[in-house]
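Structure file my_file31.cif (mmCIF, C-alpha atoms and all ligand atoms) is printed below.
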```cif
data_final
loop_
_atom_site.label_atom_id
_atom_site.label_comp_id
_atom_site.auth_asym_id
_atom_site.auth_seq_id
_atom_site.Cartn_x
_atom_site.Cartn_y
_atom_site.Cartn_z
CA MET A 277 24.43 119.97 134.64
CA GLY A 278 25.84 120.94 131.21
CA SER A 279 27.50 124.27 130.64
CA ILE A 280 26.74 127.21 128.37
CA LYS A 281 29.75 127.37 126.06
CA VAL A 282 30.78 130.81 124.87
CA ALA A 283 33.44 132.33 122.62
CA ILE A 284 34.60 135.94 122.85
CA LEU A 285 35.55 137.73 119.61
CA GLY A 286 37.93 140.59 120.43
CA PHE A 287 39.82 140.56 123.71
CA GLY A 288 40.51 144.25 124.32
CA THR A 289 38.84 146.42 126.95
CA VAL A 290 35.35 144.97 126.52
CA GLY A 291 36.16 141.37 125.54
CA SER A 292 38.51 140.87 128.49
CA GLY A 293 35.89 142.47 130.76
CA VAL A 294 33.33 139.89 129.61
CA TYR A 295 35.83 137.09 130.31
CA GLU A 296 36.68 138.39 133.78
CA LEU A 297 33.05 138.88 134.80
CA ILE A 298 32.08 135.41 133.60
CA GLU A 299 34.96 133.89 135.56
CA ALA A 300 34.14 135.91 138.68
CA GLN A 301 30.34 135.54 138.64
CA GLN A 302 29.80 131.78 138.14
CA GLU A 303 27.55 131.34 141.17
CA ARG A 304 25.18 134.08 140.12
CA LEU A 305 25.22 132.82 136.54
CA ILE A 306 24.34 129.29 137.68
CA GLN A 307 21.49 130.67 139.80
CA LEU A 308 20.15 132.69 136.87
CA THR A 309 20.71 130.34 133.93
CA GLY A 310 20.77 126.95 135.63
CA ARG A 311 24.14 126.15 134.06
CA ARG A 312 27.81 127.01 134.36
CA VAL A 313 29.02 129.49 131.74
CA GLU A 314 32.29 128.36 130.21
CA VAL A 315 34.49 130.52 127.97
CA VAL A 316 35.94 128.02 125.51
CA ALA A 317 37.61 130.31 122.96
CA VAL A 318 38.84 133.81 122.31
CA LEU A 319 39.40 135.42 118.87
CA VAL A 320 42.11 138.08 118.59
CA GLU A 321 44.08 139.74 115.80
CA ASP A 322 47.54 139.12 117.26
CA VAL A 323 47.86 135.57 118.62
CA SER A 324 51.50 136.08 119.59
CA ARG A 325 50.51 138.27 122.55
CA GLN A 326 50.09 136.55 125.91
CA ARG A 327 46.42 136.58 127.06
CA ASP A 328 45.32 136.25 130.64
CA VAL A 329 43.00 133.25 130.20
CA ARG A 330 42.75 129.69 131.57
CA PRO A 331 45.15 127.31 129.73
CA ASP A 332 42.26 125.30 128.27
CA VAL A 333 40.79 128.36 126.47
CA LEU A 334 41.49 128.28 122.72
CA VAL A 335 43.12 131.54 121.60
CA THR A 336 42.96 131.91 117.82
CA ASP A 337 42.97 134.44 114.99
CA ASP A 338 40.86 132.16 112.76
CA PHE A 339 37.10 132.37 113.25
CA GLU A 340 36.62 129.02 111.50
CA ASP A 341 38.34 127.37 114.51
CA ILE A 342 35.60 128.82 116.67
CA LEU A 343 32.76 127.74 114.39
CA ARG A 344 34.12 124.19 114.47
CA LEU A 345 33.87 124.00 118.28
CA PRO A 346 31.33 121.38 119.33
CA GLU A 347 28.22 122.66 121.14
CA LEU A 348 29.11 126.35 120.99
CA ASP A 349 26.11 128.24 122.39
CA VAL A 350 27.00 131.95 122.36
CA VAL A 351 29.40 134.31 120.62
CA PHE A 352 30.23 137.64 122.29
CA GLU A 353 31.53 140.15 119.75
CA ALA A 354 33.71 143.10 120.83
CA ILE A 355 35.84 143.95 117.80
CA VAL A 356 36.06 147.46 116.32
CA GLY A 357 34.43 148.38 112.98
CA VAL A 358 31.88 146.71 110.70
CA GLU A 359 34.25 143.99 109.48
CA PRO A 360 35.25 141.33 110.32
CA GLY A 361 32.60 141.32 113.05
CA PHE A 362 29.65 141.36 110.66
CA THR A 363 30.82 138.34 108.68
CA HIS A 364 31.58 136.43 111.89
CA LEU A 365 28.20 137.20 113.46
CA LYS A 366 26.37 136.23 110.28
CA LYS A 367 28.12 132.86 110.21
CA ALA A 368 27.48 132.32 113.91
CA ILE A 369 23.76 133.04 113.53
CA GLU A 370 23.52 130.77 110.47
CA SER A 371 25.11 128.03 112.58
CA GLY A 372 22.40 128.46 115.24
CA VAL A 373 24.68 130.22 117.73
CA GLN A 374 23.25 133.07 119.86
CA VAL A 375 25.13 136.37 119.55
CA VAL A 376 25.77 139.32 121.83
CA THR A 377 27.57 142.40 120.52
CA ALA A 378 28.94 145.70 121.86
CA ASN A 379 29.94 146.92 118.40
CA LYS A 380 27.82 149.99 117.67
CA GLU A 381 29.37 150.80 114.31
CA LEU A 382 28.62 147.30 113.09
CA PHE A 383 25.11 147.30 114.53
CA ALA A 384 24.24 150.77 113.20
CA HIS A 385 25.11 149.59 109.68
CA LYS A 386 23.93 145.98 109.85
CA GLY A 387 21.62 145.66 112.84
CA ILE A 388 18.36 145.15 110.94
CA GLU A 389 20.01 142.58 108.67
CA LEU A 390 21.40 140.65 111.63
CA ARG A 391 18.14 140.75 113.57
CA GLU A 392 16.18 139.52 110.52
CA LEU A 393 18.65 136.71 109.92
CA ALA A 394 18.50 135.76 113.60
CA GLU A 395 14.72 135.55 113.45
CA GLU A 396 14.92 133.26 110.41
CA CYS A 397 17.47 131.08 112.21
CA ASP A 398 15.55 131.17 115.52
CA VAL A 399 18.40 132.64 117.55
CA GLN A 400 18.64 135.77 119.66
CA VAL A 401 20.81 138.86 119.16
CA GLY A 402 21.79 140.84 122.27
CA PHE A 403 22.92 144.41 121.58
CA GLU A 404 22.29 146.24 124.85
CA ALA A 405 25.94 147.34 125.02
CA THR A 406 25.79 149.15 121.67
CA VAL A 407 23.90 152.14 123.11
CA ALA A 408 24.83 154.07 126.25
CA GLY A 409 27.32 151.46 127.55
CA GLY A 410 26.22 150.20 130.94
CA VAL A 411 22.80 151.92 130.87
CA PRO A 412 20.15 149.29 130.03
CA ILE A 413 18.18 151.48 127.64
CA ILE A 414 17.60 148.82 124.94
CA GLY A 415 16.03 146.45 127.48
CA ALA A 416 13.89 149.23 128.91
CA LEU A 417 12.60 150.20 125.45
CA THR A 418 12.01 146.67 124.18
CA GLN A 419 10.76 144.93 127.30
CA LEU A 420 9.39 147.47 129.72
CA LEU A 421 7.81 150.08 127.45
CA ARG A 422 5.84 147.97 125.03
CA MET A 423 2.41 149.50 125.66
CA ASN A 424 3.85 152.99 125.45
CA ARG A 425 4.45 154.76 122.15
CA ILE A 426 7.82 156.49 122.27
CA VAL A 427 7.47 160.00 120.84
CA LYS A 428 10.86 161.50 121.65
CA VAL A 429 14.34 160.48 122.73
CA GLU A 430 16.95 163.05 123.67
CA ALA A 431 20.27 161.69 124.78
CA ILE A 432 23.90 162.27 125.62
CA LEU A 433 25.39 159.16 124.05
CA ASN A 434 29.11 159.87 123.90
CA GLY A 435 30.92 159.99 127.22
CA THR A 436 34.13 161.35 125.73
CA SER A 437 32.56 164.49 124.27
CA ASN A 438 30.46 165.02 127.41
CA TYR A 439 33.62 164.77 129.51
CA MET A 440 35.38 167.28 127.26
CA LEU A 441 32.48 169.74 127.37
CA THR A 442 32.33 169.45 131.16
CA LYS A 443 36.06 170.15 131.47
CA MET A 444 35.92 173.07 129.02
CA ARG A 445 33.20 174.68 131.12
CA GLU A 446 34.40 173.84 134.63
CA GLU A 447 38.14 174.30 134.16
CA GLN A 448 38.22 176.69 131.19
CA MET A 449 40.18 174.15 129.13
CA THR A 450 40.55 174.53 125.39
CA ILE A 451 39.11 171.72 123.28
CA ASP A 452 42.64 170.41 122.61
CA GLU A 453 43.47 170.34 126.32
CA ALA A 454 40.21 168.60 127.13
CA LEU A 455 40.86 166.02 124.40
CA SER A 456 44.41 165.36 125.64
CA GLU A 457 43.09 164.79 129.15
CA ALA A 458 40.33 162.48 127.89
CA GLN A 459 42.95 160.48 125.97
CA ALA A 460 45.32 160.34 128.96
CA LEU A 461 42.48 158.94 131.09
CA GLY A 462 41.61 156.34 128.46
CA TYR A 463 38.17 157.83 127.66
CA ALA A 464 39.06 158.84 124.11
CA GLU A 465 40.63 156.62 121.46
CA ALA A 466 44.04 157.46 119.98
CA ASP A 467 41.95 158.39 116.91
CA PRO A 468 39.10 160.40 118.47
CA THR A 469 37.31 161.19 115.19
CA ASN A 470 34.17 159.14 115.95
CA ASP A 471 33.81 160.79 119.35
CA ILE A 472 34.41 164.44 118.51
CA GLU A 473 32.83 164.50 115.05
CA GLY A 474 29.61 163.00 116.42
CA PHE A 475 29.74 159.68 114.53
CA ASP A 476 29.72 157.53 117.67
CA ALA A 477 26.53 159.25 118.86
CA LEU A 478 25.12 158.96 115.34
CA PHE A 479 25.63 155.17 115.37
CA LYS A 480 23.63 154.97 118.60
CA VAL A 481 20.85 157.22 117.32
CA VAL A 482 20.57 155.02 114.23
CA ILE A 483 20.34 151.89 116.40
CA LEU A 484 17.63 153.45 118.59
CA SER A 485 15.68 154.69 115.59
CA GLU A 486 15.72 151.27 113.89
CA LEU A 487 14.78 149.60 117.15
CA LEU A 488 11.79 151.88 117.69
CA THR A 489 10.50 151.93 114.10
CA GLU A 490 11.92 148.79 112.42
CA VAL A 491 12.68 151.04 109.42
CA LYS A 492 16.22 151.27 108.06
CA VAL A 493 17.62 154.75 108.58
CA ASP A 494 18.60 156.82 105.55
CA TRP A 495 21.84 158.21 106.93
CA ASN A 496 21.71 161.19 104.54
CA GLN A 497 18.57 162.36 106.32
CA VAL A 498 20.26 162.60 109.71
CA ARG A 499 21.97 165.89 110.48
CA CYS A 500 25.22 165.11 112.31
CA SER A 501 27.74 167.46 113.82
CA GLY A 502 30.17 166.89 116.65
CA ILE A 503 31.89 169.12 119.16
CA SER A 504 35.11 169.67 117.19
CA ASN A 505 34.21 173.21 116.11
CA LEU A 506 33.13 174.42 119.55
CA THR A 507 35.31 177.02 121.23
CA SER A 508 35.74 178.09 124.84
CA GLY A 509 33.88 181.25 123.76
CA ASP A 510 30.79 179.19 122.82
CA ILE A 511 30.87 177.38 126.16
CA ASN A 512 31.30 180.64 128.12
CA HIS A 513 28.56 182.36 126.14
CA ALA A 514 26.15 179.56 127.12
CA SER A 515 27.29 179.84 130.76
CA THR A 516 26.50 183.55 130.87
CA ARG A 517 22.90 182.65 129.96
CA GLY A 518 22.83 179.97 132.69
CA GLU A 519 23.00 177.23 130.03
CA ARG A 520 25.31 174.32 129.22
CA ILE A 521 26.29 173.01 125.81
CA LYS A 522 25.62 169.30 125.53
CA HIS A 523 26.15 166.97 122.60
CA VAL A 524 22.66 165.63 122.03
CA GLY A 525 21.23 162.87 119.87
CA ARG A 526 17.54 163.49 119.24
CA LEU A 527 14.76 161.37 117.74
CA LEU A 528 11.23 162.60 117.17
CA ILE A 529 8.75 159.94 116.09
CA ASP A 530 5.27 160.87 114.83
CA GLU A 531 2.12 158.72 114.92
CA GLU A 532 2.86 157.28 111.47
CA GLY A 533 6.31 156.20 112.63
CA GLN A 534 8.06 158.93 110.63
CA VAL A 535 11.32 159.86 112.30
CA GLU A 536 13.29 163.07 112.51
CA ALA A 537 16.80 162.38 113.77
CA GLU A 538 19.79 164.58 114.48
CA VAL A 539 23.01 164.68 116.45
CA ARG A 540 24.53 168.06 117.38
CA PRO A 541 25.66 170.36 120.17
CA VAL A 542 22.68 171.97 121.88
CA SER A 543 22.56 174.64 124.58
CA VAL A 544 20.25 173.46 127.38
CA ASP A 545 18.98 175.32 130.41
CA GLU A 546 18.77 174.09 134.00
CA ALA A 547 15.24 172.77 133.51
CA HIS A 548 16.42 170.32 130.84
CA LYS A 549 16.99 166.78 132.12
CA LEU A 550 20.34 166.56 130.27
CA TYR A 551 21.72 169.71 131.95
CA SER A 552 23.07 167.81 134.94
CA ILE A 553 24.50 164.80 133.05
CA GLU A 554 28.19 165.52 133.48
CA GLY A 555 31.61 163.99 132.85
CA VAL A 556 31.74 160.60 131.13
CA ASP A 557 28.16 159.72 132.04
CA ASN A 558 25.52 159.12 129.39
CA GLY A 559 21.92 160.22 129.83
CA VAL A 560 18.81 159.23 127.90
CA VAL A 561 15.51 161.10 128.26
CA VAL A 562 12.62 159.10 126.83
CA THR A 563 9.21 160.67 126.31
CA ALA A 564 6.35 158.19 125.87
CA ASP A 565 2.62 158.78 125.43
CA LEU A 566 1.40 156.95 128.55
CA VAL A 567 4.18 157.30 131.10
CA GLY A 568 5.52 160.74 130.17
CA GLU A 569 9.19 161.56 130.63
CA LEU A 570 11.74 159.03 131.91
CA VAL A 571 15.44 159.65 132.54
CA PHE A 572 18.17 157.00 132.39
CA GLN A 573 21.68 157.92 133.46
CA GLY A 574 24.93 156.04 134.04
CA PRO A 575 28.32 154.98 132.73
CA GLY A 576 28.25 155.21 128.96
CA ALA A 577 31.42 153.16 128.47
CA GLY A 578 34.11 151.32 130.37
CA LYS A 579 35.26 147.74 130.73
CA TYR A 580 32.95 146.43 133.44
CA PRO A 581 29.81 148.54 132.80
CA THR A 582 29.86 147.43 129.16
CA ALA A 583 30.69 143.80 129.98
CA SER A 584 27.96 143.84 132.61
CA VAL A 585 25.16 144.58 130.15
CA MET A 586 26.55 142.01 127.70
CA ILE A 587 26.26 139.39 130.43
CA GLU A 588 22.74 140.60 131.22
CA ASP A 589 22.02 139.87 127.53
CA LEU A 590 23.43 136.37 128.02
CA VAL A 591 21.16 135.78 131.00
CA LEU A 592 18.14 136.95 128.99
CA ILE A 593 18.88 134.69 126.04
CA SER A 594 19.85 131.70 128.15
CA LYS A 595 16.30 130.33 127.84
CA SER A 596 16.73 130.17 124.07
CA ILE A 597 20.11 128.50 124.53
CA LYS A 598 18.46 125.55 126.26
CA LYS A 599 16.07 125.20 123.34
CA THR A 600 18.77 125.35 120.63
CA ALA A 601 21.15 123.22 122.67
CA VAL A 602 18.65 120.35 122.38
CA SER A 603 17.87 120.84 118.70
CA ARG A 604 21.43 121.31 117.41
N1 LIG B 701 35.50 150.42 125.33
C1 LIG B 701 34.26 150.70 125.70
O1 LIG B 701 34.01 151.26 126.79
C2 LIG B 701 33.09 150.31 124.82
C3 LIG B 701 31.77 150.57 125.26
C4 LIG B 701 30.69 150.16 124.46
C5 LIG B 701 30.95 149.55 123.24
N2 LIG B 701 32.24 149.35 122.83
C6 LIG B 701 32.46 148.67 121.54
O2 LIG B 701 33.05 147.40 121.83
C7 LIG B 701 33.95 147.04 120.77
C8 LIG B 701 35.31 146.72 121.38
O3 LIG B 701 35.82 147.89 122.02
P1 LIG B 701 37.16 147.83 122.89
O4 LIG B 701 37.27 149.14 123.56
O5 LIG B 701 37.17 146.58 123.71
O6 LIG B 701 38.27 147.73 121.73
P2 LIG B 701 39.80 147.31 121.88
O7 LIG B 701 40.25 147.44 123.29
O8 LIG B 701 40.52 148.06 120.82
O9 LIG B 701 39.80 145.74 121.50
C9 LIG B 701 39.55 145.29 120.23
C10 LIG B 701 39.86 143.81 120.17
O10 LIG B 701 39.49 143.34 118.86
C11 LIG B 701 40.54 142.52 118.37
N3 LIG B 701 40.56 142.60 116.91
C12 LIG B 701 40.82 143.66 116.12
N4 LIG B 701 40.77 143.31 114.83
C13 LIG B 701 40.48 141.99 114.81
C14 LIG B 701 40.32 141.05 113.77
N5 LIG B 701 40.45 141.39 112.48
N6 LIG B 701 40.02 139.78 114.11
C15 LIG B 701 39.92 139.42 115.40
N7 LIG B 701 40.06 140.27 116.43
C16 LIG B 701 40.35 141.54 116.12
C17 LIG B 701 41.82 143.08 118.97
O11 LIG B 701 42.79 142.05 118.92
P3 LIG B 701 44.27 142.24 119.54
O12 LIG B 701 44.05 142.14 121.04
O13 LIG B 701 45.05 141.11 118.98
O14 LIG B 701 44.74 143.60 119.12
C18 LIG B 701 41.33 143.45 120.37
O15 LIG B 701 41.43 142.34 121.23
C19 LIG B 701 33.97 148.21 119.80
O16 LIG B 701 33.11 147.93 118.73
C20 LIG B 701 33.45 149.38 120.63
O17 LIG B 701 32.78 150.34 119.84
C21 LIG B 701 33.31 149.71 123.60
#
```
Taking this structure as input, can you express it in the form of structure tokens?
Ligand SMILES: NC(=O)c1ccc[n+]([C@@H]2O[C@H](COP(=O)([O-])OP(=O)(O)OC[C@H]3O[C@@H](n4cnc5c(N)ncnc54)[C@H](OP(=O)(O)O)[C@@H]3O)[C@@H](O)[C@H]2O)c1
Amino acid sequence: MGSIKVAILGFGTVGSGVYELIEAQQERLIQLTGRRVEVVAVLVEDVSRQRDVRPDVLVTDDFEDILRLPELDVVFEAIVGVEPGFTHLKKAIESGVQVVTANKELFAHKGIELRELAEECDVQVGFEATVAGGVPIIGALTQLLRMNRIVKVEAILNGTSNYMLTKMREEQMTIDEALSEAQALGYAEADPTNDIEGFDALFKVVILSELLTEVKVDWNQVRCSGISNLTSGDINHASTRGERIKHVGRLLIDEEGQVEAEVRPVSVDEAHKLYSIEGVDNGVVVTADLVGELVFQGPGAGKYPTASVMIEDLVLISKSIKKTAVSR
């Protein structure tokens, strides 16, 4: 039995989670893919730092070392920002290597381009982890709702801002206090701009829109505001009406495939399915013409939830790996 050989680009929270789950879940992976899954290399920025990997794993800061590896089957990408991830994934796809990414900023900007290239090169691109972390919304939309026409998506897609809004309401925190607590707990980045200005949710709305319509989003047409200007007064005012302010990404898709997209704080009442999505959870409410309304809820970020859906992507594309493994 040969093995599926994988490289992990980026070895921070998500990349190390992928490594640990692969190491810990070999038996299940063999059952599901028919082969062992072997991490053969890791790409990092700072090679001088000690990494907790088997001694035979190549640790490098040069992606060319990884491309030169014989029989590489899959690249997992978990770096931050559009570059260098985009260039690396392009080269991997052109070399016939399957790719799985968690990088929403990269995929929001370059997702269509990468998916088209992958189709030309007959490889698969897994991007489940780019939207709603551990919640398998991409798989549900692409594989389980194919007969249905999706007419609306309303979603809480940023766990950090949802956590902050929950704390501001429940514990009367100011936005600064809520942000400090989110940072102390590791939910918010040291630079929280993408979370609190709404950009992180915008990336995910763009990815969903392009997935559902196959049309590149004109970012200027998407209204985007975050939670940074909200005050305790706004939160309390909503509470007095029995409502909660949620940061919501919304897509409306008409019969011609025209999309209206926006990301902004919205006051929702108890009847709204997003009302009870609290803390760091994400929630996605999908309305489709045949099935009606569906609600997906779960951890929108975190090491193992995110790594888990990346490995689900690996399992899904493992059938294609067998095919390319023979032809390469
Ligand atoms: N954290 C989450 O819960 C989560 C959830 C869903 C999606 N994501 C996405 O997953 C990606 C990774 O997030 P993370 O939280 O794991 O980030 P992170 O902890 O900051 O890790 C980033 C990793 O990328 C490496 N890196 C940075 N620049 C590089 C370069 N030029 N070349 C090679 N490697 C480079 C870093 O190397 P060093 O170790 O040497 O610094 C580090 O290992 C991001 O795109 C994020 O949006 C994260």
Cut-off 6 Å, all atoms listed in the file, neighbours of ligand LIG 701 (chain B) as a list in words: Gly286, Phe287, Gly288, Thr289, Val290, Gly291, Leu319, Val320, Glu321, Asp322, Asp337, Ala354, Ile355, Val356, Gly357, Pro360, Ala378, Asn379, Lys380, Ala405, Thr406, Gly409, Ala577, Gly578, Lys579 and Thr582 of chain A
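Using all atoms listed in the file for every distance, the candidate list A:Leu592, A:Val561, A:Val399, A:Ala583 yields A:Ala583 as the residue closest to Ser292 of chain A.
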Can you work out which one of A:Glu446, A:Glu546, A:Glu404, A:Glu296 has the shortest atom-to-atom distance to Glu588 of chain A, counting all atoms listed in the file? A:Glu404
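Within 7 Å of the point (28.2, 144.2, 115.8) in file coordinates, and counting only C-alpha atoms, lie the residues Glu353, Val358, Gly361, Phe362, Thr377, Ala378, Asn379, Lys380, Glu381, Leu382 and Phe383 of chain A.
Closest approach to Ala317 of chain A from the set A:Ala458, A:Val351, A:Ala300, A:Leu487 is made by A:Val351, with distances taken over all atoms listed in the file.
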Put a box with edges along x, y and z around all the listed atoms of segment 373-386 of chain A, pad it by 4 Å on each side, then give me its centre and sizes in Å, one decimal, as JSON.
```
{"center_x": 26.6, "center_y": 140.5, "center_z": 115.8, "size_x": 14.7, "size_y": 28.6, "size_z": 20.2}
```
What are the closest atom pairs, with distances in Å to one decimal, for all residues of segment 561-596 of chain A lying within 12 Å of segment 301-308 of chain A? Consider all atoms listed in the file, order rows by chain and residue number, and present the result as JSON lines.
```
{"residue": "A:Ala583", "atom": "CA", "partner": "A:Gln301", "partner_atom": "CA", "distance": 12.0}
{"residue": "A:Ser584", "atom": "CA", "partner": "A:Gln301", "partner_atom": "CA", "distance": 10.5}
{"residue": "A:Ile587", "atom": "CA", "partner": "A:Leu305", "partner_atom": "CA", "distance": 9.0}
{"residue": "A:Glu588", "atom": "CA", "partner": "A:Leu305", "partner_atom": "CA", "distance": 9.7}
{"residue": "A:Asp589", "atom": "CA", "partner": "A:Leu305", "partner_atom": "CA", "distance": 11.9}
{"residue": "A:Leu590", "atom": "CA", "partner": "A:Leu305", "partner_atom": "CA", "distance": 9.4}
{"residue": "A:Val591", "atom": "CA", "partner": "A:Leu308", "partner_atom": "CA", "distance": 6.7}
{"residue": "A:Leu592", "atom": "CA", "partner": "A:Leu308", "partner_atom": "CA", "distance": 9.2}
{"residue": "A:Ile593", "atom": "CA", "partner": "A:Leu308", "partner_atom": "CA", "distance": 11.1}
{"residue": "A:Ser594", "atom": "CA", "partner": "A:Leu308", "partner_atom": "CA", "distance": 8.8}
{"residue": "A:Lys595", "atom": "CA", "partner": "A:Leu308", "partner_atom": "CA", "distance": 10.1}
```
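Put simply, atom CA of Phe572 of chain A is 14.6 Å away from atom CA of Thr418 of chain A.
The residue that comes closest to Arg425 of chain A, out of A:Pro581, A:Gly402, A:Gly533, A:Gly293 and on the basis of all atoms listed in the file, is A:Gly533.
For the point (25.6, 167.5, 121.9), the residues with an atom at a distance of at most 8 Å are Ile432, Ser437, Asn438, Gly502, Ile503, Ile521, Lys522, His523, Val524, Gly525, Val539, Arg540, Pro541 and Val542 of chain A, counting only C-alpha atoms.
In this model, the gap between atom CA of Leu297 of chain A and atom CA of Val560 of chain A comes to 25.8 Å.
Computed from the coordinates, the atom CA of Asp452 of chain A to atom CA of Met440 of chain A distance equals 9.2 Å.
In this comparison, which uses all atoms listed in the file, the residue of A:Arg344, A:Lys480, A:Lys366, A:His385 approaching Lys492 of chain A most closely is A:His385.
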Can you put N, CA, C and O atoms back into segment 561-575 of chain A and show it as a PDB file, in the coordinates of the input?
```
ATOM      1  N   VAL A 561      16.830 160.647 127.829  1.00  0.00           N
ATOM      2  CA  VAL A 561      15.510 161.100 128.260  1.00  0.00           C
ATOM      3  C   VAL A 561      14.503 160.574 127.233  1.00  0.00           C
ATOM      4  O   VAL A 561      14.571 160.913 126.050  1.00  0.00           O
ATOM      5  N   VAL A 562      13.613 159.715 127.704  1.00  0.00           N
ATOM      6  CA  VAL A 562      12.620 159.100 126.830  1.00  0.00           C
ATOM      7  C   VAL A 562      11.259 159.700 127.149  1.00  0.00           C
ATOM      8  O   VAL A 562      10.864 159.749 128.313  1.00  0.00           O
ATOM      9  N   THR A 563      10.566 160.179 126.111  1.00  0.00           N
ATOM     10  CA  THR A 563       9.210 160.670 126.310  1.00  0.00           C
ATOM     11  C   THR A 563       8.248 159.694 125.626  1.00  0.00           C
ATOM     12  O   THR A 563       8.399 159.402 124.432  1.00  0.00           O
ATOM     13  N   ALA A 564       7.301 159.179 126.405  1.00  0.00           N
ATOM     14  CA  ALA A 564       6.350 158.190 125.870  1.00  0.00           C
ATOM     15  C   ALA A 564       4.931 158.662 126.163  1.00  0.00           C
ATOM     16  O   ALA A 564       4.707 159.434 127.098  1.00  0.00           O
ATOM     17  N   ASP A 565       3.970 158.196 125.342  1.00  0.00           N
ATOM     18  CA  ASP A 565       2.620 158.780 125.430  1.00  0.00           C
ATOM     19  C   ASP A 565       1.916 158.455 126.751  1.00  0.00           C
ATOM     20  O   ASP A 565       1.173 159.284 127.266  1.00  0.00           O
ATOM     21  N   LEU A 566       2.149 157.303 127.332  1.00  0.00           N
ATOM     22  CA  LEU A 566       1.400 156.950 128.550  1.00  0.00           C
ATOM     23  C   LEU A 566       2.151 157.361 129.820  1.00  0.00           C
ATOM     24  O   LEU A 566       1.571 157.913 130.738  1.00  0.00           O
ATOM     25  N   VAL A 567       3.433 157.071 129.856  1.00  0.00           N
ATOM     26  CA  VAL A 567       4.180 157.300 131.100  1.00  0.00           C
ATOM     27  C   VAL A 567       4.712 158.722 131.235  1.00  0.00           C
ATOM     28  O   VAL A 567       4.937 159.211 132.340  1.00  0.00           O
ATOM     29  N   GLY A 568       4.913 159.404 130.121  1.00  0.00           N
ATOM     30  CA  GLY A 568       5.520 160.740 130.170  1.00  0.00           C
ATOM     31  C   GLY A 568       7.028 160.656 130.021  1.00  0.00           C
ATOM     32  O   GLY A 568       7.520 159.845 129.232  1.00  0.00           O
ATOM     33  N   GLU A 569       7.742 161.452 130.821  1.00  0.00           N
ATOM     34  CA  GLU A 569       9.190 161.560 130.630  1.00  0.00           C
ATOM     35  C   GLU A 569       9.950 160.661 131.608  1.00  0.00           C
ATOM     36  O   GLU A 569       9.685 160.670 132.808  1.00  0.00           O
ATOM     37  N   LEU A 570      10.895 159.890 131.080  1.00  0.00           N
ATOM     38  CA  LEU A 570      11.740 159.030 131.910  1.00  0.00           C
ATOM     39  C   LEU A 570      13.200 159.406 131.658  1.00  0.00           C
ATOM     40  O   LEU A 570      13.562 159.726 130.529  1.00  0.00           O
ATOM     41  N   VAL A 571      14.024 159.318 132.705  1.00  0.00           N
ATOM     42  CA  VAL A 571      15.440 159.650 132.540  1.00  0.00           C
ATOM     43  C   VAL A 571      16.292 158.450 132.962  1.00  0.00           C
ATOM     44  O   VAL A 571      16.100 157.892 134.044  1.00  0.00           O
ATOM     45  N   PHE A 572      17.208 158.072 132.096  1.00  0.00           N
ATOM     46  CA  PHE A 572      18.170 157.000 132.390  1.00  0.00           C
ATOM     47  C   PHE A 572      19.556 157.640 132.393  1.00  0.00           C
ATOM     48  O   PHE A 572      19.880 158.413 131.492  1.00  0.00           O
ATOM     49  N   GLN A 573      20.347 157.316 133.374  1.00  0.00           N
ATOM     50  CA  GLN A 573      21.680 157.920 133.460  1.00  0.00           C
ATOM     51  C   GLN A 573      22.673 156.894 133.994  1.00  0.00           C
ATOM     52  O   GLN A 573      22.326 156.084 134.864  1.00  0.00           O
ATOM     53  N   GLY A 574      23.915 156.942 133.498  1.00  0.00           N
ATOM     54  CA  GLY A 574      24.930 156.040 134.040  1.00  0.00           C
ATOM     55  C   GLY A 574      26.161 155.992 133.164  1.00  0.00           C
ATOM     56  O   GLY A 574      26.287 156.771 132.220  1.00  0.00           O
ATOM     57  N   PRO A 575      27.060 155.041 133.472  1.00  0.00           N
ATOM     58  CA  PRO A 575      28.320 154.980 132.730  1.00  0.00           C
ATOM     59  C   PRO A 575      28.095 154.565 131.279  1.00  0.00           C
ATOM     60  O   PRO A 575      27.583 153.482 130.995  1.00  0.00           O
TER      61      PRO A 575
END
```
